[in-house]
>>> print(open('model-v5.txt').read())   # compact mmCIF, C-alpha atoms and all ligand atoms
# COMPACT_ATOMS: atom_id res chain seq x y z
CA MET A 1 7.56 -22.70 2.02
CA LYS A 2 6.68 -24.30 -1.31
CA ILE A 3 5.82 -21.64 -3.83
CA VAL A 4 4.86 -22.21 -7.46
CA PRO A 5 5.98 -19.32 -9.73
CA LEU A 6 3.11 -17.27 -11.20
CA LYS A 7 3.88 -18.35 -14.75
CA ASP A 8 3.18 -21.97 -13.78
CA TRP A 9 -0.26 -21.31 -12.28
CA PHE A 10 -2.06 -21.93 -15.57
CA ASP A 11 -0.86 -23.21 -18.96
CA GLU A 12 -1.51 -19.93 -20.72
CA PHE A 13 0.34 -17.79 -18.11
CA GLU A 14 3.67 -16.43 -19.32
CA ASP A 15 6.71 -14.71 -17.88
CA GLY A 16 6.21 -11.04 -17.09
CA PRO A 17 3.92 -9.15 -14.76
CA LEU A 18 0.53 -10.73 -14.03
CA MET A 19 -2.32 -8.27 -14.57
CA ILE A 20 -5.48 -8.69 -12.48
CA VAL A 21 -8.07 -6.17 -13.60
CA GLY A 22 -11.74 -5.51 -13.11
CA PRO A 23 -14.25 -3.64 -11.03
CA CYS A 24 -14.08 -3.20 -7.29
CA SER A 25 -17.50 -4.86 -7.08
CA ALA A 26 -19.60 -6.92 -9.46
CA GLU A 27 -22.75 -4.83 -9.93
CA SER A 28 -24.57 -6.28 -12.93
CA GLU A 29 -24.00 -8.80 -15.68
CA GLU A 30 -23.70 -5.98 -18.19
CA GLN A 31 -21.06 -4.18 -16.13
CA ILE A 32 -18.93 -7.32 -15.77
CA LEU A 33 -19.20 -8.33 -19.42
CA ARG A 34 -18.65 -4.86 -20.87
CA THR A 35 -15.65 -4.22 -18.64
CA ALA A 36 -14.05 -7.57 -19.45
CA GLU A 37 -14.74 -7.32 -23.18
CA ALA A 38 -13.30 -3.80 -23.41
CA VAL A 39 -10.11 -4.83 -21.67
CA VAL A 40 -9.68 -7.93 -23.80
CA GLU A 41 -10.41 -6.09 -27.02
CA TYR A 42 -8.03 -3.19 -26.49
CA CYS A 43 -5.09 -4.45 -24.44
CA THR A 44 -3.34 -7.01 -22.24
CA PRO A 45 -6.19 -9.15 -20.95
CA GLY A 46 -4.89 -10.76 -17.74
CA VAL A 47 -7.18 -12.06 -15.01
CA LEU A 48 -10.65 -10.58 -14.37
CA ARG A 49 -11.31 -9.53 -10.77
CA ALA A 50 -14.49 -8.49 -8.96
CA GLY A 51 -15.71 -8.38 -5.37
CA ILE A 52 -18.97 -10.28 -4.90
CA TRP A 53 -19.22 -10.00 -1.11
CA LYS A 54 -17.89 -6.60 -0.11
CA PRO A 55 -16.41 -6.04 3.35
CA ARG A 56 -17.34 -2.39 3.82
CA THR A 57 -15.85 -0.29 6.58
CA ARG A 58 -19.17 1.35 7.47
CA PRO A 59 -22.63 -0.28 7.47
CA GLY A 60 -25.28 0.99 5.11
CA THR A 61 -23.02 1.04 2.04
CA PHE A 62 -23.20 -1.32 -0.93
CA SER A 63 -22.13 -4.73 0.33
CA GLY A 64 -22.01 -6.71 -2.88
CA VAL A 65 -24.44 -8.69 -5.03
CA GLY A 66 -23.66 -12.05 -3.40
CA SER A 67 -23.40 -15.41 -5.15
CA ARG A 68 -25.41 -14.40 -8.23
CA GLY A 69 -22.35 -12.38 -9.28
CA LEU A 70 -20.40 -15.65 -9.62
CA GLY A 71 -22.53 -16.57 -12.64
CA TRP A 72 -21.68 -13.27 -14.32
CA MET A 73 -17.98 -13.88 -13.75
CA LYS A 74 -18.29 -17.33 -15.28
CA LYS A 75 -20.03 -15.89 -18.29
CA ALA A 76 -17.24 -13.32 -18.70
CA LYS A 77 -14.74 -16.15 -18.59
CA GLU A 78 -16.60 -18.09 -21.29
CA LYS A 79 -16.86 -15.01 -23.51
CA THR A 80 -13.33 -13.64 -23.11
CA GLY A 81 -11.17 -16.55 -22.00
CA MET A 82 -9.99 -14.54 -18.99
CA ARG A 83 -9.29 -16.34 -15.74
CA ILE A 84 -11.53 -15.07 -12.94
CA ALA A 85 -10.67 -13.99 -9.38
CA VAL A 86 -12.98 -13.24 -6.44
CA GLU A 87 -12.46 -12.18 -2.80
CA VAL A 88 -13.48 -14.67 -0.12
CA ALA A 89 -13.90 -13.86 3.56
CA SER A 90 -15.35 -17.10 4.91
CA PRO A 91 -15.45 -20.86 4.23
CA ARG A 92 -18.97 -20.34 2.84
CA HIS A 93 -17.66 -17.88 0.24
CA LEU A 94 -14.87 -20.30 -0.64
CA GLU A 95 -17.31 -23.14 -1.17
CA ALA A 96 -19.50 -21.00 -3.44
CA CYS A 97 -16.40 -19.99 -5.48
CA LEU A 98 -15.21 -23.58 -5.82
CA ASN A 99 -18.67 -24.69 -6.96
CA ALA A 100 -18.80 -21.88 -9.49
CA GLY A 101 -15.37 -22.69 -10.99
CA ILE A 102 -13.61 -19.49 -9.89
CA ASP A 103 -9.93 -19.77 -10.86
CA ILE A 104 -8.23 -17.63 -8.22
CA ILE A 105 -9.37 -16.39 -4.83
CA TRP A 106 -8.02 -13.60 -2.69
CA LEU A 107 -8.17 -12.73 1.00
CA GLY A 108 -8.87 -9.03 1.52
CA ALA A 109 -7.09 -6.65 3.87
CA ARG A 110 -9.84 -6.76 6.49
CA THR A 111 -9.92 -10.56 6.51
CA VAL A 112 -6.14 -10.84 6.73
CA SER A 113 -6.26 -8.55 9.78
CA ASN A 114 -8.12 -11.34 11.61
CA PRO A 115 -6.18 -14.60 12.17
CA PHE A 116 -9.40 -16.43 13.17
CA SER A 117 -10.92 -15.81 9.75
CA VAL A 118 -7.70 -16.68 7.95
CA GLN A 119 -7.43 -19.91 9.94
CA GLU A 120 -11.04 -20.89 9.15
CA ILE A 121 -10.57 -20.28 5.44
CA SER A 122 -7.25 -22.15 5.52
CA GLU A 123 -8.93 -25.17 7.09
CA ALA A 124 -11.48 -25.12 4.28
CA LEU A 125 -8.65 -24.90 1.72
CA LYS A 126 -7.14 -28.23 2.78
CA GLY A 127 -7.11 -30.63 -0.15
CA VAL A 128 -8.05 -27.89 -2.63
CA ASP A 129 -5.71 -26.80 -5.44
CA ILE A 130 -6.53 -23.16 -6.15
CA PRO A 131 -4.24 -20.13 -6.34
CA VAL A 132 -4.66 -17.82 -3.34
CA LEU A 133 -3.71 -14.14 -3.14
CA VAL A 134 -3.14 -12.71 0.32
CA LYS A 135 -3.54 -8.95 0.65
CA ASN A 136 -1.63 -7.11 3.33
CA PRO A 137 -3.53 -6.43 6.57
CA LEU A 138 -4.88 -2.92 7.22
CA ASN A 139 -2.13 -2.10 9.70
CA PRO A 140 1.56 -2.16 8.80
CA ASP A 141 2.27 -5.43 10.60
CA ILE A 142 4.51 -7.62 8.48
CA ASP A 143 4.19 -10.55 10.88
CA LEU A 144 0.40 -10.54 10.56
CA TRP A 145 0.78 -10.58 6.77
CA MET A 146 3.35 -13.37 6.94
CA GLY A 147 1.18 -15.28 9.40
CA ALA A 148 -1.73 -15.28 6.95
CA ILE A 149 0.53 -16.49 4.14
CA GLU A 150 1.88 -19.23 6.40
CA ARG A 151 -1.63 -20.37 7.38
CA VAL A 152 -2.61 -20.65 3.72
CA SER A 153 0.64 -22.40 2.89
CA ASN A 154 0.21 -24.82 5.81
CA ALA A 155 -3.16 -25.78 4.31
CA GLY A 156 -1.18 -27.18 1.35
CA ILE A 157 -1.61 -24.24 -1.05
CA SER A 158 1.54 -23.61 -3.10
CA LYS A 159 0.13 -21.27 -5.74
CA ILE A 160 0.30 -18.31 -3.45
CA ALA A 161 1.08 -14.62 -3.90
CA ALA A 162 1.02 -11.52 -1.72
CA VAL A 163 -0.86 -8.38 -2.73
CA HIS A 164 0.47 -5.03 -1.53
CA ARG A 165 -2.46 -2.60 -1.17
CA GLY A 166 -1.01 -0.14 1.34
CA PHE A 167 -1.74 0.47 5.02
CA SER A 168 -4.54 2.54 6.58
CA PRO A 169 -3.38 5.90 7.89
CA PHE A 170 -5.26 7.73 10.63
CA GLU A 171 -4.23 11.11 9.27
CA GLN A 172 -5.34 12.56 5.96
CA THR A 173 -2.48 11.78 3.56
CA ARG A 174 -1.79 11.98 -0.14
CA TYR A 175 -2.61 8.29 -0.33
CA ARG A 176 -5.74 6.46 0.71
CA ASN A 177 -3.42 3.80 2.10
CA MET A 178 0.25 4.46 2.88
CA PRO A 179 2.41 2.39 0.51
CA LYS A 180 5.32 1.84 2.92
CA TRP A 181 7.18 0.10 0.12
CA GLU A 182 9.80 -1.21 2.53
CA ILE A 183 7.23 -3.68 3.94
CA PRO A 184 6.51 -5.68 0.74
CA ILE A 185 10.21 -5.51 -0.03
CA GLU A 186 11.03 -6.94 3.39
CA LEU A 187 8.34 -9.61 2.85
CA ARG A 188 10.08 -10.67 -0.35
CA ARG A 189 13.34 -10.88 1.52
CA ARG A 190 11.79 -12.98 4.31
CA ILE A 191 9.73 -15.37 2.14
CA LYS A 192 12.01 -16.41 -0.65
CA ASP A 193 10.35 -16.41 -4.09
CA ILE A 194 6.97 -15.10 -2.89
CA PRO A 195 5.41 -13.25 -5.82
CA VAL A 196 4.23 -9.76 -4.82
CA ILE A 197 1.48 -8.06 -6.78
CA CYS A 198 0.86 -4.35 -6.26
CA ASP A 199 -2.66 -2.88 -6.00
CA PRO A 200 -2.14 0.80 -6.93
CA SER A 201 -5.90 1.42 -6.87
CA HIS A 202 -6.33 0.86 -3.14
CA ILE A 203 -3.00 2.53 -2.33
CA SER A 204 -3.92 5.73 -4.14
CA GLY A 205 -7.69 5.90 -3.77
CA ASP A 206 -7.48 8.18 -6.81
CA SER A 207 -7.51 7.04 -10.43
CA ARG A 208 -5.15 9.89 -11.42
CA MET A 209 -2.37 8.49 -9.27
CA VAL A 210 -2.73 4.86 -10.36
CA PRO A 211 -0.27 4.99 -13.32
CA GLU A 212 2.61 6.51 -11.32
CA LEU A 213 2.16 3.94 -8.56
CA ALA A 214 1.95 1.11 -11.09
CA GLN A 215 5.25 2.32 -12.58
CA LYS A 216 6.83 2.49 -9.15
CA ALA A 217 5.74 -1.12 -8.53
CA MET A 218 7.35 -2.17 -11.83
CA ASP A 219 10.53 -0.25 -10.91
CA LEU A 220 10.61 -2.21 -7.67
CA ASN A 221 10.42 -5.43 -9.63
CA MET A 222 7.00 -6.46 -8.40
CA ASP A 223 5.42 -9.44 -10.10
CA GLY A 224 2.13 -7.98 -11.20
CA LEU A 225 -0.62 -5.45 -10.67
CA MET A 226 -4.18 -5.64 -9.40
CA VAL A 227 -6.02 -2.67 -10.89
CA GLU A 228 -9.63 -1.63 -10.48
CA VAL A 229 -11.22 -1.07 -13.88
CA HIS A 230 -14.91 -0.29 -14.48
CA TYR A 231 -16.62 0.44 -17.77
CA LYS A 232 -18.29 3.47 -16.13
CA PRO A 233 -16.08 4.40 -13.16
CA LYS A 234 -18.12 7.42 -12.10
CA GLU A 235 -21.20 5.24 -11.64
CA ALA A 236 -19.42 2.54 -9.62
CA LEU A 237 -21.21 1.52 -6.43
CA SER A 238 -17.94 1.21 -4.51
CA ASP A 239 -14.52 2.88 -4.83
CA SER A 240 -15.63 5.05 -7.74
CA ASN A 241 -12.77 7.56 -7.29
CA GLN A 242 -10.05 5.04 -7.87
CA GLN A 243 -11.34 2.94 -10.77
CA LEU A 244 -9.95 3.41 -14.28
CA SER A 245 -12.04 3.19 -17.41
CA PRO A 246 -10.90 0.44 -19.81
CA ALA A 247 -9.42 3.17 -22.06
CA GLU A 248 -7.45 4.68 -19.17
CA TYR A 249 -6.23 1.24 -18.18
CA CYS A 250 -5.07 0.48 -21.72
CA ARG A 251 -3.28 3.84 -21.95
CA MET A 252 -1.52 3.09 -18.69
CA MET A 253 -0.46 -0.34 -19.95
CA ASN A 254 0.93 1.13 -23.16
CA GLU A 255 2.99 3.65 -21.23
CA LEU A 256 4.15 1.34 -18.46
CA GLU A 257 7.84 0.54 -18.63
CA ILE A 258 8.38 -3.04 -17.61
CA ARG A 259 11.91 -3.44 -16.30
CA CYS A 260 14.02 -6.49 -16.82
CA SER A 261 12.60 -8.63 -14.07
CA LYS A 262 15.61 -10.62 -12.90
CA PRO A 263 19.26 -9.58 -13.21
CA GLU A 264 21.60 -12.39 -14.22
CA ASP A 265 23.50 -12.57 -10.96
CA VAL A 266 20.57 -13.14 -8.61
CA GLY A 267 21.42 -13.59 -4.90
CA PHE A 268 23.78 -10.75 -4.19
CA ILE A 269 22.47 -8.15 -6.64
CA ASN A 270 18.85 -8.79 -5.77
CA ASN A 271 19.45 -8.54 -2.05
CA LEU A 272 21.48 -5.38 -2.40
CA GLU A 273 18.82 -3.83 -4.60
CA GLU A 274 16.04 -4.68 -2.16
CA LEU A 275 17.91 -3.27 0.81
CA ARG A 276 18.63 -0.08 -1.18
CA ASN A 277 14.95 0.24 -2.00
CA GLN A 278 14.18 0.02 1.70
CA VAL A 279 16.73 2.75 2.43
CA ASP A 280 15.13 4.95 -0.25
CA SER A 281 11.71 4.44 1.24
CA VAL A 282 12.84 5.13 4.82
CA ASP A 283 14.76 8.26 3.73
CA HIS A 284 11.67 9.49 1.96
CA GLN A 285 9.69 9.14 5.18
CA ILE A 286 12.41 10.76 7.30
CA ILE A 287 12.38 13.82 5.03
CA GLU A 288 8.60 14.09 5.28
CA LEU A 289 8.84 13.82 9.07
CA LEU A 290 11.59 16.44 9.29
CA ALA A 291 9.45 18.81 7.25
CA ARG A 292 6.46 18.09 9.48
CA ARG A 293 8.51 18.73 12.63
CA LEU A 294 9.71 22.08 11.32
CA GLU A 295 6.18 23.07 10.36
CA ILE A 296 5.13 22.52 13.96
CA VAL A 297 8.17 24.47 15.16
CA ASP A 298 7.00 27.37 12.96
CA LEU A 299 3.54 27.21 14.51
CA ILE A 300 5.09 27.37 17.98
CA GLY A 301 7.18 30.33 16.80
CA GLN A 302 4.07 32.16 15.60
CA TYR A 303 2.28 31.39 18.83
CA LYS A 304 5.19 32.76 20.88
CA ALA A 305 5.42 35.85 18.70
CA ARG A 306 1.73 36.56 19.18
CA ASN A 307 1.99 36.12 22.92
CA ASN A 308 5.31 37.92 23.23
CA VAL A 309 6.91 34.87 24.79
CA ALA A 310 10.44 34.90 23.52
CA VAL A 311 12.89 33.29 25.87
CA LEU A 312 15.00 30.22 25.34
CA GLN A 313 13.40 27.69 27.67
CA MET A 314 16.41 25.78 28.79
CA ASP A 315 14.31 23.22 30.69
CA ARG A 316 12.48 22.25 27.54
CA TRP A 317 15.68 21.93 25.52
CA LEU A 318 17.28 19.77 28.23
CA GLU A 319 14.15 17.63 28.41
CA ILE A 320 14.28 17.12 24.64
CA LEU A 321 17.96 16.19 24.79
CA ASN A 322 17.54 13.74 27.66
CA THR A 323 14.40 11.97 26.49
CA ARG A 324 15.57 11.61 22.90
CA LEU A 325 19.04 10.45 23.91
CA GLU A 326 17.51 7.81 26.13
CA GLN A 327 15.11 6.60 23.43
CA ALA A 328 17.84 6.61 20.77
CA GLY A 329 20.19 4.71 23.07
CA LEU A 330 17.57 2.01 23.58
CA ALA A 331 17.10 1.84 19.81
CA GLY A 332 20.83 1.18 19.41
CA LEU A 333 21.90 4.61 18.12
CA ASP A 334 25.25 6.06 19.03
CA ASP A 335 24.95 8.90 21.62
CA SER A 336 27.21 11.33 19.84
CA PHE A 337 25.35 10.78 16.57
CA THR A 338 22.01 11.46 18.28
CA GLU A 339 23.38 14.53 20.04
CA ARG A 340 24.71 15.99 16.79
CA TYR A 341 21.35 15.44 15.12
CA LEU A 342 19.41 16.99 18.02
CA LYS A 343 21.68 20.06 18.09
CA LEU A 344 21.37 20.52 14.36
CA MET A 345 17.59 20.29 14.57
CA HIS A 346 17.54 22.70 17.50
CA GLN A 347 19.69 25.22 15.63
CA GLU A 348 17.43 25.04 12.61
CA SER A 349 14.36 25.44 14.82
CA ILE A 350 15.91 28.51 16.45
CA ARG A 351 16.84 29.96 13.06
CA ARG A 352 13.28 29.62 11.78
CA GLN A 353 11.63 30.86 14.96
CA THR A 354 13.99 33.84 15.10
CA ILE A 355 12.88 34.89 11.64
CA ILE A 356 9.24 34.53 12.68
CA MET A 357 9.87 36.52 15.87
CA GLN A 358 11.70 39.28 13.96
CA ASP A 359 8.92 39.53 11.39
CA GLY A 360 6.38 39.80 14.22
CA SER A 361 8.44 42.43 16.06
CA GLU A 362 8.98 44.52 12.95
CA LYS A 363 5.27 44.59 12.47
CA LYS A 364 4.88 45.86 16.02
CA GLY A 365 7.76 48.30 15.48
CA LYS A 366 10.24 46.84 17.94
CA SER A 367 13.15 44.42 17.70
CA ALA A 368 13.74 41.11 19.42
CA ASP A 369 16.98 39.23 19.90
CA ASP A 370 15.73 36.41 22.06
CA SER A 371 16.52 32.86 21.17
CA PRO A 372 13.35 30.86 21.01
CA ASP A 373 13.31 27.13 21.39
CA ASP A 374 10.95 24.42 20.40
C1 LIG A 401 -10.92 -4.82 -3.07
O1 LIG A 401 -9.99 -5.38 -3.65
O2 LIG A 401 -11.89 -4.32 -3.64
C2 LIG A 401 -10.83 -4.65 -1.61
C3 LIG A 401 -11.89 -4.64 -0.82
O3 LIG A 401 -9.57 -4.48 -1.25
P1 LIG A 401 -8.85 -4.43 0.19
O4 LIG A 401 -9.17 -5.72 0.85
O5 LIG A 401 -7.42 -4.29 -0.21
O6 LIG A 401 -9.38 -3.21 0.92
MN MN A 402 -12.17 -1.76 -4.04
>>> encode(input="model-v5.txt", output="structure tokens")
Amino acid sequence: MKIVPLKDWFDEFEDGPLMIVGPCSAESEEQILRTAEAVVEYCTPGVLRAGIWKPRTRPGTFSGVGSRGLGWMKKAKEKTGMRIAVEVASPRHLEACLNAGIDIIWLGARTVSNPFSVQEISEALKGVDIPVLVKNPLNPDIDLWMGAIERVSNAGISKIAAVHRGFSPFEQTRYRNMPKWEIPIELRRRIKDIPVICDPSHISGDSRMVPELAQKAMDLNMDGLMVEVHYKPKEALSDSNQQLSPAEYCRMMNELEIRCSKPEDVGFINNLEELRNQVDSVDHQIIELLARRLEIVDLIGQYKARNNVAVLQMDRWLEILNTRLEQAGLAGLDDSFTERYLKLMHQESIRRQTIIMQDGSEKKGKSADDSPDD
């Protein structure tokens, strides 16, 4: 895949992380101009972003100002010298952006989730020379993300970058979208030289968490950040919780530690580093899952204590052993390794449930020495 490095996209672009900043949605000319001017006046300017057509999850919410917002973006460009970036979700949007002189377009997570839409936009991109950013799809499907990048690349676009904005969880989590850092890292391993820009705003969904995620992205050697910045975040018509004020953005930029982007001995060191980052991320998730499993075990323990059910249910333990061993075998894990893990987990479950049972029995004034199971 032919990929032009970010620094060669425009004459004024330099080495170092590319910053793409601006409101979630364009709302008024004043909002666009005041946001852009504040950013340019006080810190690293970068590229100005804004959504003009907003793909909203639920109907009845603000769905963007439409093409008139393109004029405001152009005006901001004339006044500040910033390059301007807009989301497109159809060939019609692309055409309007090209006519308006938009510098960079991006495909949003919802669009990238649909190969038909990506294909249609790619067809319309043939013969056009414009940088294209491809956000990850809503679900953690690296092939779908790669597929979208390939479609855009096959249309002849070589100024292309991926944007990591996290993946929709069903459960309530600390993040609006799960970062699953191992996925963008794996993408970088699979598509050599693809620049990856992190969007900490959509990952966090919370402006307070944006700086720590931005730092994490820099620690992982990502190539830039897309950050939602609004001159009055609380009044924003979309994503108001996650937008930074220009002052907050500038503070974050002053505090951000930008790591040396490329070690001398590329190849080996880079690969090793990326695989280690994936291990870190997977370990992090395993620990969270272990904690979650033991929480459920505790709930079962409490339930048993309340109902005075306190026998080791051998059938259940054997069922756990057999089903997990079979699944692990199919996944290529060594049987004795799996068995040792399962026994360790079972022991720990018994230890915790025993404490819960004893506490319950003491309260009732009697003792219990049964071995509960999970
Ligand atoms: C956005 O950038 O405002 C947006 C809609 O993002 P995403 O496609 O990542 O949800
Ligand atoms: Mn947004």
>>> residues_around(input="model-v5.txt", residues="Ala305 of chain A", least_positions_apart="4", cutoff="9 Å", atoms="all atoms listed in the file", output="list of chain:residue names")
A:Ile300, A:Gly301, A:Val309, A:Ala310, A:Gln353, A:Ile356, A:Met357, A:Gln358, A:Asp359, A:Gly360, A:Ser361
>>> residues_near_ligand(input="model-v5.txt", ligand="ligand MN 402 (chain A)", cutoff="12 Å", atoms="all atoms listed in the file", output="PDB file with C-alpha atoms, in the frame of the given file")
ATOM      1  CA  VAL A  21      -8.070  -6.170 -13.600  1.00  0.00           C
ATOM      2  CA  GLY A  22     -11.740  -5.510 -13.110  1.00  0.00           C
ATOM      3  CA  PRO A  23     -14.250  -3.640 -11.030  1.00  0.00           C
ATOM      4  CA  CYS A  24     -14.080  -3.200  -7.290  1.00  0.00           C
ATOM      5  CA  SER A  25     -17.500  -4.860  -7.080  1.00  0.00           C
ATOM      6  CA  ALA A  26     -19.600  -6.920  -9.460  1.00  0.00           C
ATOM      7  CA  ARG A  49     -11.310  -9.530 -10.770  1.00  0.00           C
ATOM      8  CA  ALA A  50     -14.490  -8.490  -8.960  1.00  0.00           C
ATOM      9  CA  GLY A  51     -15.710  -8.380  -5.370  1.00  0.00           C
ATOM     10  CA  ILE A  52     -18.970 -10.280  -4.900  1.00  0.00           C
ATOM     11  CA  TRP A  53     -19.220 -10.000  -1.110  1.00  0.00           C
ATOM     12  CA  LYS A  54     -17.890  -6.600  -0.110  1.00  0.00           C
ATOM     13  CA  PRO A  55     -16.410  -6.040   3.350  1.00  0.00           C
ATOM     14  CA  ARG A  56     -17.340  -2.390   3.820  1.00  0.00           C
ATOM     15  CA  THR A  57     -15.850  -0.290   6.580  1.00  0.00           C
ATOM     16  CA  PHE A  62     -23.200  -1.320  -0.930  1.00  0.00           C
ATOM     17  CA  SER A  63     -22.130  -4.730   0.330  1.00  0.00           C
ATOM     18  CA  GLY A  64     -22.010  -6.710  -2.880  1.00  0.00           C
ATOM     19  CA  VAL A  86     -12.980 -13.240  -6.440  1.00  0.00           C
ATOM     20  CA  GLU A  87     -12.460 -12.180  -2.800  1.00  0.00           C
ATOM     21  CA  GLY A 108      -8.870  -9.030   1.520  1.00  0.00           C
ATOM     22  CA  ALA A 109      -7.090  -6.650   3.870  1.00  0.00           C
ATOM     23  CA  ARG A 110      -9.840  -6.760   6.490  1.00  0.00           C
ATOM     24  CA  ARG A 165      -2.460  -2.600  -1.170  1.00  0.00           C
ATOM     25  CA  ARG A 176      -5.740   6.460   0.710  1.00  0.00           C
ATOM     26  CA  ASP A 199      -2.660  -2.880  -6.000  1.00  0.00           C
ATOM     27  CA  PRO A 200      -2.140   0.800  -6.930  1.00  0.00           C
ATOM     28  CA  SER A 201      -5.900   1.420  -6.870  1.00  0.00           C
ATOM     29  CA  HIS A 202      -6.330   0.860  -3.140  1.00  0.00           C
ATOM     30  CA  ILE A 203      -3.000   2.530  -2.330  1.00  0.00           C
ATOM     31  CA  SER A 204      -3.920   5.730  -4.140  1.00  0.00           C
ATOM     32  CA  GLY A 205      -7.690   5.900  -3.770  1.00  0.00           C
ATOM     33  CA  ASP A 206      -7.480   8.180  -6.810  1.00  0.00           C
ATOM     34  CA  SER A 207      -7.510   7.040 -10.430  1.00  0.00           C
ATOM     35  CA  MET A 226      -4.180  -5.640  -9.400  1.00  0.00           C
ATOM     36  CA  VAL A 227      -6.020  -2.670 -10.890  1.00  0.00           C
ATOM     37  CA  GLU A 228      -9.630  -1.630 -10.480  1.00  0.00           C
ATOM     38  CA  VAL A 229     -11.220  -1.070 -13.880  1.00  0.00           C
ATOM     39  CA  HIS A 230     -14.910  -0.290 -14.480  1.00  0.00           C
ATOM     40  CA  PRO A 233     -16.080   4.400 -13.160  1.00  0.00           C
ATOM     41  CA  ALA A 236     -19.420   2.540  -9.620  1.00  0.00           C
ATOM     42  CA  LEU A 237     -21.210   1.520  -6.430  1.00  0.00           C
ATOM     43  CA  SER A 238     -17.940   1.210  -4.510  1.00  0.00           C
ATOM     44  CA  ASP A 239     -14.520   2.880  -4.830  1.00  0.00           C
ATOM     45  CA  SER A 240     -15.630   5.050  -7.740  1.00  0.00           C
ATOM     46  CA  ASN A 241     -12.770   7.560  -7.290  1.00  0.00           C
ATOM     47  CA  GLN A 242     -10.050   5.040  -7.870  1.00  0.00           C
ATOM     48  CA  GLN A 243     -11.340   2.940 -10.770  1.00  0.00           C
ATOM     49  CA  LEU A 244      -9.950   3.410 -14.280  1.00  0.00           C
TER      50      LEU A 244
END
>>> residues_around(input="model-v5.txt", residues="Gly81 of chain A", least_positions_apart="2", cutoff="10 Å", atoms="only C-alpha atoms", output="number ranges by chain")
A: 36-37, 40, 45-48, 74-79, 83-84
>>> axis_aligned_box(input="model-v5.txt", around="segment 125-139 of chain A", padding_each_side="8 Å", output="JSON")
{"center_x": -5.1, "center_y": -16.4, "center_z": 1.7, "size_x": 23.0, "size_y": 44.5, "size_z": 32.0}
>>> closest_residue(input="model-v5.txt", among="A:Val112, A:Leu213, A:Ala38, A:Cys250", to="Asp141 of chain A", atoms="all atoms listed in the file")
A:Val112
>>> closest_residue(input="model-v5.txt", among="A:Trp106, A:Thr80, A:Val39, A:Asp11", to="ligand LIG 401 (chain A)", atoms="all atoms listed in the file")
A:Trp106
>>> atom_distance(input="model-v5.txt", atom1="atom CA of Ile157 of chain A", atom2="atom CA of Gln119 of chain A")
13.2 Å
>>> decode(input="model-v5.txt", residues="segment 138-150 of chain A", atoms="N, CA and C atoms", output="PDB file, in the first residue's frame")
ATOM      1  N   LEU A 138     -17.217   0.774  14.674  1.00  0.00           N
ATOM      2  CA  LEU A 138     -17.752   0.750  16.046  1.00  0.00           C
ATOM      3  C   LEU A 138     -17.357  -0.519  16.789  1.00  0.00           C
ATOM      4  N   ASN A 139     -17.332  -1.628  16.067  1.00  0.00           N
ATOM      5  CA  ASN A 139     -17.009  -2.906  16.712  1.00  0.00           C
ATOM      6  C   ASN A 139     -15.518  -3.232  16.540  1.00  0.00           C
ATOM      7  N   PRO A 140     -14.967  -3.982  17.476  1.00  0.00           N
ATOM      8  CA  PRO A 140     -13.516  -4.221  17.418  1.00  0.00           C
ATOM      9  C   PRO A 140     -13.138  -5.240  16.344  1.00  0.00           C
ATOM     10  N   ASP A 141     -13.332  -4.871  15.095  1.00  0.00           N
ATOM     11  CA  ASP A 141     -13.070  -5.783  13.979  1.00  0.00           C
ATOM     12  C   ASP A 141     -11.950  -5.169  13.132  1.00  0.00           C
ATOM     13  N   ILE A 142     -10.757  -5.670  13.354  1.00  0.00           N
ATOM     14  CA  ILE A 142      -9.595  -5.073  12.677  1.00  0.00           C
ATOM     15  C   ILE A 142      -9.683  -5.269  11.163  1.00  0.00           C
ATOM     16  N   ASP A 143     -10.301  -6.363  10.724  1.00  0.00           N
ATOM     17  CA  ASP A 143     -10.391  -6.598   9.278  1.00  0.00           C
ATOM     18  C   ASP A 143     -11.318  -5.580   8.605  1.00  0.00           C
ATOM     19  N   LEU A 144     -12.388  -5.220   9.319  1.00  0.00           N
ATOM     20  CA  LEU A 144     -13.313  -4.219   8.772  1.00  0.00           C
ATOM     21  C   LEU A 144     -12.593  -2.868   8.645  1.00  0.00           C
ATOM     22  N   TRP A 145     -11.792  -2.557   9.638  1.00  0.00           N
ATOM     23  CA  TRP A 145     -11.017  -1.300   9.618  1.00  0.00           C
ATOM     24  C   TRP A 145     -10.018  -1.336   8.457  1.00  0.00           C
ATOM     25  N   MET A 146      -9.287  -2.465   8.379  1.00  0.00           N
ATOM     26  CA  MET A 146      -8.312  -2.604   7.284  1.00  0.00           C
ATOM     27  C   MET A 146      -8.989  -2.549   5.930  1.00  0.00           C
ATOM     28  N   GLY A 147     -10.163  -3.197   5.843  1.00  0.00           N
ATOM     29  CA  GLY A 147     -10.906  -3.232   4.578  1.00  0.00           C
ATOM     30  C   GLY A 147     -11.228  -1.823   4.109  1.00  0.00           C
ATOM     31  N   ALA A 148     -11.644  -0.972   5.033  1.00  0.00           N
ATOM     32  CA  ALA A 148     -11.993   0.406   4.658  1.00  0.00           C
ATOM     33  C   ALA A 148     -10.739   1.135   4.166  1.00  0.00           C
ATOM     34  N   ILE A 149      -9.628   0.924   4.858  1.00  0.00           N
ATOM     35  CA  ILE A 149      -8.375   1.580   4.454  1.00  0.00           C
ATOM     36  C   ILE A 149      -7.967   1.084   3.061  1.00  0.00           C
ATOM     37  N   GLU A 150      -8.143  -0.211   2.838  1.00  0.00           N
ATOM     38  CA  GLU A 150      -7.788  -0.770   1.525  1.00  0.00           C
ATOM     39  C   GLU A 150      -8.676  -0.203   0.410  1.00  0.00           C
TER      40      GLU A 150
END
